[in-house]
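target_8.txt follows (compact mmCIF, C-alpha atoms and all ligand atoms):
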```txt
# COMPACT_ATOMS: atom_id res chain seq x y z
CA MET A 113 -109.47 202.30 80.86
CA LYS A 114 -112.85 200.62 80.36
CA ILE A 115 -114.28 198.16 82.89
CA LEU A 116 -117.30 195.93 82.27
CA VAL A 117 -119.16 195.15 85.51
CA VAL A 118 -121.67 192.26 85.63
CA SER A 119 -123.24 190.00 88.23
CA ASP A 120 -125.64 187.14 88.88
CA THR A 121 -125.48 185.45 85.51
CA HIS A 122 -126.39 182.07 87.08
CA ARG A 123 -125.01 180.05 84.17
CA LYS A 124 -127.55 181.52 81.76
CA ASP A 125 -124.89 183.20 79.67
CA ASP A 126 -126.45 184.31 76.37
CA ASN A 127 -126.88 187.92 77.52
CA LEU A 128 -123.41 187.97 79.04
CA LYS A 129 -121.86 186.77 75.78
CA ALA A 130 -123.85 189.37 73.83
CA VAL A 131 -122.75 192.18 76.16
CA ILE A 132 -119.11 191.09 75.99
CA GLU A 133 -119.22 191.22 72.19
CA GLN A 134 -121.11 194.53 72.21
CA GLU A 135 -118.75 196.27 74.65
CA LYS A 136 -115.42 194.99 73.31
CA PRO A 137 -112.75 196.25 73.58
CA PHE A 138 -112.60 196.63 77.37
CA ASP A 139 -109.65 196.27 79.74
CA MET A 140 -111.20 194.55 82.73
CA LEU A 141 -114.22 192.42 83.52
CA ILE A 142 -115.64 192.39 87.05
CA HIS A 143 -118.14 189.64 87.96
CA LEU A 144 -119.75 190.04 91.38
CA GLY A 145 -120.84 186.48 91.97
CA ASP A 146 -123.25 183.69 91.09
CA ALA A 147 -121.53 182.78 87.83
CA GLU A 148 -122.32 179.17 88.87
CA GLY A 149 -119.46 177.47 87.06
CA SER A 150 -119.17 179.81 84.07
CA GLU A 151 -116.19 181.48 85.76
CA TYR A 152 -114.06 178.94 83.90
CA TRP A 153 -115.30 180.20 80.51
CA ILE A 154 -115.83 183.91 81.07
CA PRO A 155 -112.10 184.81 80.80
CA GLU A 156 -112.02 183.08 77.42
CA TRP A 157 -115.08 185.03 76.21
CA ALA A 158 -113.57 188.29 77.48
CA GLY A 159 -110.30 187.69 75.61
CA GLU A 160 -106.80 186.86 76.74
CA HIS A 161 -105.70 190.46 77.36
CA CYS A 162 -108.64 191.30 79.60
CA MET A 163 -107.97 191.56 83.35
CA MET A 164 -110.45 189.55 85.40
CA ALA A 165 -111.86 190.18 88.88
CA MET A 166 -114.51 187.68 89.93
CA VAL A 167 -115.85 186.81 93.37
CA MET A 168 -118.00 183.99 94.74
CA GLY A 169 -121.74 184.30 95.19
CA ASN A 170 -124.04 182.47 97.59
CA ASN A 171 -124.83 179.92 94.85
CA ASP A 172 -121.19 179.23 93.97
CA PHE A 173 -120.88 176.23 96.27
CA PHE A 174 -117.85 174.56 94.66
CA SER A 175 -116.16 177.67 93.33
CA LYS A 176 -112.46 178.31 93.70
CA LEU A 177 -112.98 182.04 93.30
CA ASP A 178 -112.07 184.48 96.05
CA ARG A 179 -114.83 185.31 98.47
CA GLU A 180 -114.04 189.02 98.16
CA LEU A 181 -111.44 191.23 96.50
CA GLU A 182 -110.08 194.70 97.12
CA LEU A 183 -108.94 196.60 94.06
CA GLU A 184 -107.52 200.02 93.12
CA ILE A 185 -109.72 201.56 90.45
CA GLY A 186 -108.49 204.96 89.30
CA SER A 187 -108.12 207.07 92.43
CA HIS A 188 -110.48 204.80 94.39
CA ARG A 189 -110.10 201.64 96.43
CA ALA A 190 -113.01 199.26 95.89
CA LEU A 191 -114.34 196.32 97.87
CA LEU A 192 -115.77 193.66 95.52
CA THR A 193 -118.22 191.29 97.17
CA HIS A 194 -121.40 189.42 96.34
CA GLY A 195 -122.82 191.25 99.34
CA HIS A 196 -125.03 188.66 101.04
CA TYR A 197 -122.92 188.86 104.23
CA TYR A 198 -123.83 192.51 104.67
CA GLY A 199 -127.60 192.48 104.43
CA VAL A 200 -127.71 194.15 101.04
CA SER A 201 -131.26 192.97 100.48
CA MET A 202 -132.27 195.33 103.32
CA GLY A 203 -130.11 198.23 102.15
CA PRO A 204 -126.55 199.28 101.28
CA GLU A 205 -125.58 200.77 104.67
CA GLY A 206 -123.97 197.63 106.12
CA LEU A 207 -121.83 197.20 103.04
CA ALA A 208 -120.82 200.87 103.07
CA ASP A 209 -119.76 200.46 106.73
CA GLU A 210 -117.68 197.38 105.91
CA ALA A 211 -115.98 199.13 102.98
CA LYS A 212 -115.17 202.14 105.15
CA SER A 213 -113.73 199.97 107.92
CA ARG A 214 -111.32 198.48 105.37
CA GLY A 215 -110.24 201.86 104.01
CA CYS A 216 -112.26 201.47 100.80
CA ASP A 217 -114.20 204.44 99.42
CA MET A 218 -116.08 202.26 96.95
CA ALA A 219 -118.07 199.00 97.15
CA MET A 220 -119.49 196.80 94.41
CA TYR A 221 -122.01 194.06 95.08
CA GLY A 222 -124.57 191.81 93.41
CA HIS A 223 -127.07 189.37 94.95
CA THR A 224 -130.19 191.58 94.80
CA HIS A 225 -130.41 191.45 90.97
CA ARG A 226 -131.28 195.17 91.11
CA PRO A 227 -129.09 197.94 89.65
CA PHE A 228 -127.92 200.51 92.21
CA LEU A 229 -125.57 203.48 92.23
CA ASP A 230 -125.38 205.97 95.06
CA LEU A 231 -123.08 207.66 97.54
CA VAL A 232 -123.78 206.00 100.91
CA ASP A 233 -122.11 207.58 103.92
CA GLY A 234 -119.24 208.78 101.74
CA VAL A 235 -118.81 205.43 99.96
CA ILE A 236 -119.64 204.97 96.27
CA VAL A 237 -121.84 201.86 96.30
CA LEU A 238 -122.92 200.16 93.11
CA ASN A 239 -124.62 197.05 91.79
CA PRO A 240 -124.79 196.33 88.04
CA GLY A 241 -127.95 194.24 88.46
CA SER A 242 -128.35 190.86 86.76
CA LEU A 243 -127.95 190.02 83.07
CA SER A 244 -129.96 186.82 83.50
CA TYR A 245 -132.65 187.26 86.17
CA PRO A 246 -133.33 191.00 86.67
CA ARG A 247 -135.71 191.80 89.53
CA GLN A 248 -136.09 195.58 89.35
CA GLU A 249 -139.22 197.17 87.90
CA GLY A 250 -139.32 196.51 84.14
CA HIS A 251 -137.00 193.47 84.50
CA ARG A 252 -134.48 194.57 81.90
CA PRO A 253 -131.17 192.72 82.00
CA SER A 254 -128.57 195.19 83.21
CA TYR A 255 -124.84 195.78 83.59
CA MET A 256 -122.49 198.69 84.13
CA VAL A 257 -119.56 200.21 82.30
CA ILE A 258 -117.01 202.15 84.34
CA THR A 259 -114.54 204.40 82.55
CA VAL A 260 -111.39 205.39 84.42
CA ARG A 261 -110.43 208.86 83.27
CA GLY A 262 -106.87 210.16 83.01
CA ASP A 263 -107.26 212.10 86.27
CA GLY A 264 -108.29 208.94 88.15
CA ASN A 265 -111.95 209.90 88.38
CA LEU A 266 -114.60 207.45 87.21
CA ASP A 267 -117.60 207.68 84.91
CA TYR A 268 -120.46 205.25 85.55
CA ASP A 269 -122.78 204.10 82.81
CA GLN A 270 -125.67 201.87 83.91
CA LYS A 271 -126.77 199.97 80.81
CA TYR A 272 -129.67 197.75 79.85
CA LEU A 273 -130.25 195.16 77.13
MN MN B 301 -127.97 185.68 92.37
```

Mind converting the file's structure to structure tokens?
Ligand SMILES: [Mn+2]
Amino acid sequence: MKILVVSDTHRKDDNLKAVIEQEKPFDMLIHLGDAEGSEYWIPEWAGEHCMMAMVMGNNDFFSKLDRELELEIGSHRALLTHGHYYGVSMGPEGLADEAKSRGCDMAMYGHTHRPFLDLVDGVIVLNPGSLSYPRQEGHRPSYMVITVRGDGNLDYDQKYL
């Protein structure tokens, strides 16, 4: 199973559309917030057979999306959140704590526009970065591909445009 993970597209969708075409076929698309209205179109771009998991960001004022989701991914249970409630701009520890307290061993977030992947206090924490307004050094638009292997383990591929 192949999962495309993106975040913080902020309605500037050219890179998102390019990545969707480049990575097809994939089975699920995860968007971690700040789609800013494009959440209505993204499922169409991804294709009708693609599973969707999208959450609200701090700029999604009128969104009908869920604030957060919890999802089984392979042998893991993941908390999907934009992350701004957990101080992610200061560090991933608060989010790791929250995930743990909910029985999740994985957490995905956005908001910082900086790619991240690390084991934090026993929790796999990741951020695909932003395809539209990257803020890490070098400012390359980024996203992540997760592959669920047959044994339930995951492979993580941080990618850049
Ligand atoms: Mn954002």

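Restricting the atom set to all atoms listed in the file, one finds that the residues within 10 Å of ligand MN 301 (chain B) amount to Ser119, Asp120, Thr121, His122, Leu144, Gly145, Asp146, Ala147, Glu148, Gly169, Asn170, Asn171, Asp172, His194, His196, Gly222, His223, Thr224, His225, Gly241, Ser242, Ser244, Tyr245 and Pro246 of chain A.
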
Could you please determine the separation between CA of Lys212 (chain A) and CA of Asp233 (chain A) in Å, to one decimal place? 8.9 Å

Nearest to Ala130 (chain A): which of A:Ala190, A:Ile185, A:Ala158, A:Ile258 is it, counting only C-alpha atoms? A:Ala158

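The residue that comes closest to Cys216 (chain A), out of A:Ser201, A:Ser150, A:Met166, A:Glu184 and on the basis of all atoms listed in the file, is A:Glu184.
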
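Relative to CA of Leu273 (chain A), CA of Ala219 (chain A) is found at 23.7 Å.
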
Would you kindly return, as a list in words, each protein, DNA or RNA residue with an atom no farther than 8 Å from any atom of Ala165 (chain A), considering only C-alpha atoms and excluding same-chain residues fewer than 2 positions away? Met140, Leu141, Ile142, His143, Met163, Val167 and Leu181 of chain A

One residue among A:Ile115, A:Asn265, A:Arg123, A:Asp178 is nearest to Glu135 (chain A) when using all atoms listed in the file, and that residue is A:Ile115

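Comparing the minimum interatomic distances between Val118 (chain A) and each of A:Ser175, A:Val131, A:Cys162, A:Leu183, counting all atoms listed in the file, we find that A:Val131 sits nearest.
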
To one decimal place, how far is CA of Leu266 (chain A) from CA of Phe228 (chain A) in Å? 15.8 Å

Rank nothing, just name the residue among A:Met202, A:Tyr221, A:Thr259, A:Lys129 nearest to Arg179 (chain A), using all atoms listed in the file. A:Tyr221

Where is the centre and how long are the edges: axis-aligned box on region 132-138 of chain A, 6 Å on each side, Å to one decimal, as JSON:
```
{"center_x": -116.9, "center_y": 193.9, "center_z": 74.8, "size_x": 20.5, "size_y": 17.5, "size_z": 17.2}
```

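Distance check against Pro227 (chain A) using all atoms listed in the file: of A:Val117, A:Glu133, A:Asp139, A:Arg189, the minimum falls on A:Val117.
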
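At a cut-off of 12 Å from (-121.9, 205.6, 96.2), the residue set is A:His188, A:Ala190, A:Pro204, A:Glu205, A:Leu207, A:Ala208, A:Asp209, A:Ala211, A:Lys212, A:Cys216, A:Asp217, A:Met218, A:Ala219, A:Met220, A:Tyr221, A:Phe228, A:Leu229, A:Asp230, A:Leu231, A:Val232, A:Asp233, A:Gly234, A:Val235, A:Ile236, A:Val237, A:Leu238, A:Asn239, A:Leu266, A:Tyr268 (counting only C-alpha atoms).
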
Could you list, as a PDB file with C-alpha atoms, in the frame of the given file, every residue within 9 Å of region 261-263 of chain A, counting all atoms listed in the file and ignoring same-chain residues fewer than 6 positions away?
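As a result, out-v6.pdb now contains:
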```pdb
ATOM      1  CA  MET A 113    -109.470 202.300  80.860  1.00  0.00           C
ATOM      2  CA  GLY A 186    -108.490 204.960  89.300  1.00  0.00           C
ATOM      3  CA  SER A 187    -108.120 207.070  92.430  1.00  0.00           C
TER       4      SER A 187
END
```
